[in-house]
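What follows is one structure encoded as structure tokens, with my remarks underneath.
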Amino acid sequence: IIFTPIFGKYIDILGARKFLIIGSFLVGLGNFLFGFLSQVQDKNTFFALSIVIRVITAIGESAVAPAAIPLAGRQVSKENQGKAIAASEACFGVGTMFGPTLGGALYDIGGFPLPFWVSGSFMIIVTLISFIFLKDVPNPDDDVIVQRKVTWMEILKAPGVLISAFALTFAGTGWSWYSASLEPFLYNAYGLTPSQTGLVFMTFGLTYTIFTPVFGFLNDRGLDGLITILIGNLLIFVGFTFLGPIPAFHFLGGHLWLTIVSIGLQGLGSAATFLGTLLYMMKSTVDAGLPESEQTKSMVSSLWVVADCAGGFLGSSVGSIAFDMLGFRRGTLWITLAMGGTVLSIAGYCIQRRVAGKRRENRGAHDRGEQAQLLRGEGGREKYGSV
């Protein structure tokens with residue numbers, strides 16, 4: 001949250017490619033070194049080294065996020081940028097889906113160090129591959145766009161940016177709301193084993209991975225980003241309504257398939273909201289007259305990551321507190337109400353935007369009519385060298 005907006009702001013100093021390579025190397029090195037901490041015997045030393053190494057890894061991750069998305073979009077034509085960004089988002093879904101399972105399997109095989117050594121080694125290999133094969137494709141608009149420094153205030157003032165960040169924060173909150181409470185709920189309600197619970201968790205990542213490219217294709221075909229966000233948060237709202245379900249629908253409880261479908265709906269809705277917010281934020285900055293530069297896209301990506309992380313932090317912390325105090329069903333009622341509030345807010349913003357657009361159209365038509373009347377009125381007068 002701290003370093004991501006800083007890197008996004010100053011990414012034009014080194015370029016997105018170098019930021020991606022340096023960030024990937026720091027992530028790989030941090031994970032690889034973390035595997036050696038099991039050999040540290042002193043508790044205070046272990047704790048201190050854990051914090052230092054995790055900070056280094058987090059700094060690397062902060063550099064990767066704002067660099068990867070602009071680079072993905074610049075590898076393809078403008079007509080296919082939505083699909084390219086969606087593909088990068090789908091990779092995030094694959095990591096979310098298989099990461100915990102693969103990490104657990106490696107832990108069973110080699111203990112604490114092996115998951116970190118494997119993930120760190122792979123990241124270092126990715127760094128080398130990126131260094132050799134990844135090209136920093138020049139922006140075709142650089143010759144026609146007057147490059148200038150963009151400020152954070154200009155990004156935040158662009159219409160559509162804040163409403164997107166608002167929607168994404170709550171979607172991220174929903175993503176991690178039951179990260180600590182779903183397993184005990186499934187065990188108490190349905191008697192599922194930990195491995196079976198892992199399969200239920202995979203439903204979210206599976207639907208997210210499958211439908212992110214679908215929404216990328218639809219956005220390239222003309223689907224409005226704001227409508228995508230509205231659909232996404234609405235699906236998340238419906239998913240939370242029937243997850244437990246909430247107390248108002250307690251008579252529907254006791255069906256495992258309903259819980260699984262609800263998690264799948266949340267994955268589908270998250271695919272729409274996560275991709276829709278990013279694309280709509282980028283479109284909003286262009287509509288606001290900001291240059292379509294690497295710095296602008298990186299700053300937008302940074303804001304997107306910060307909103308996602310803030311939502312994840314709120315979801316995991318507040319969701320755990322709600323579970324401890326209210327239980328699973330009553331606890332999910334609060335995030336259900338919150339998601340319903342975001343749906344109403346986004347719908348209201350859509351209506352306001354459409355009304356404002358119609359007013360601008362009517363005002364433009366009225367001005368054109370007055371101008372035509374003036375021209376017709378002057379048509380019969382004698383003119384003295386004037387046009």
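By order of appearance in the structure tokens: chains A, B, ..., then residues from 1 within every chain, and ligands from 1 in the order shown.
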
Within 7 Å of Ala271 (chain A), counting only C-alpha atoms, which residues show up once you throw out same-chain ones fewer than 5 positions away? Write them as a ChimeraX atom specification, please. /A:208,211-212

Near Leu156 (chain A), within 12 Å and counting only C-alpha atoms, which residues show up once chain neighbours fewer than 4 positions away are dropped, as JSON, numbers by chain? {"A": [150, 151, 152, 160, 161, 162, 163, 164, 165, 166, 281, 282, 284, 285, 288, 290, 296, 299, 300, 303, 304]}

Would you list the contacts of Glu294 (chain A) as a list of chain:residue names, taking every protein, DNA or RNA residue within 7 Å and counting only C-alpha atoms, but skipping same-chain residues closer than 2 positions in sequence? A:Asp12, A:Pro70, A:Glu292, A:Thr296, A:Lys297, A:Ser298

For Leu218 (chain A), please output as a ChimeraX atom specification all residues within 9 Å (counting only C-alpha atoms; exclusion window: fewer than 6 positions along the same chain). /A:82-83,224

Do you know which residues are at most 7 Å from Thr259 (chain A) counting only C-alpha atoms, after dropping those on the same chain fewer than 2 positions away, and could you put them as a PyMOL selection string? chain A and resi 242-244+255-257+261-263

Since we have the selection now, will you write its residues out, keeping C-alpha atoms, as a short mmCIF file (atom, residue, chain, number, x, y, z; two decimals), in the first residue's frame?
```
data_model
loop_
_atom_site.label_atom_id
_atom_site.label_comp_id
_atom_site.auth_asym_id
_atom_site.auth_seq_id
_atom_site.Cartn_x
_atom_site.Cartn_y
_atom_site.Cartn_z
CA PHE A 242 -27.08 -17.29 -0.22
CA LEU A 243 -23.62 -18.29 1.03
CA GLY A 244 -24.73 -19.07 4.60
CA HIS A 255 -27.47 -27.43 1.11
CA LEU A 256 -23.79 -27.71 0.24
CA TRP A 257 -24.46 -27.13 -3.46
CA VAL A 261 -22.77 -22.02 -6.25
CA SER A 262 -22.65 -18.88 -4.09
CA ILE A 263 -18.84 -18.99 -3.98
#
```

Mind pulling up the distance from CA of Leu279 (chain A) to CA of Lys9 (chain A)?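 It comes out at 18.5 Å.
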
Using only C-alpha atoms, find the one residue out of A:Thr127, A:Ser119, A:Ser195, A:Thr277 that sits nearest to Gly232 (chain A). A:Thr277

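A straight line drawn from CA of Val343 (chain A) to CA of Gly198 (chain A) is 29.7 Å long.
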
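In terms of minimum interatomic distance to Gly340 (chain A), A:Ile231 ranks closest within A:Val94, A:Leu258, A:Met153, A:Ile231, counting only C-alpha atoms.
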
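In terms of minimum interatomic distance to Gly172 (chain A), A:Gly312 ranks closest within A:Gly331, A:Pro291, A:Gly312, A:Gly216, counting only C-alpha atoms.
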
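The residue that comes closest to Gly35 (chain A), out of A:Asn233, A:Ser121, A:Asn219, A:Ser62 and on the basis of only C-alpha atoms, is A:Ser121.
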
Here is a test: counting only C-alpha atoms, which residue of A:Ile227, A:Ile335, A:Leu235, A:Val118 is nearest to Leu102 (chain A)? A:Val118

I'd like the neighbourhood of Asn80 (chain A) as a ChimeraX atom specification, where a residue qualifies if any of its atoms comes within 9 Å (using only C-alpha atoms), though same-chain residues fewer than 6 positions away should be ignored. /A:73,216-217,220
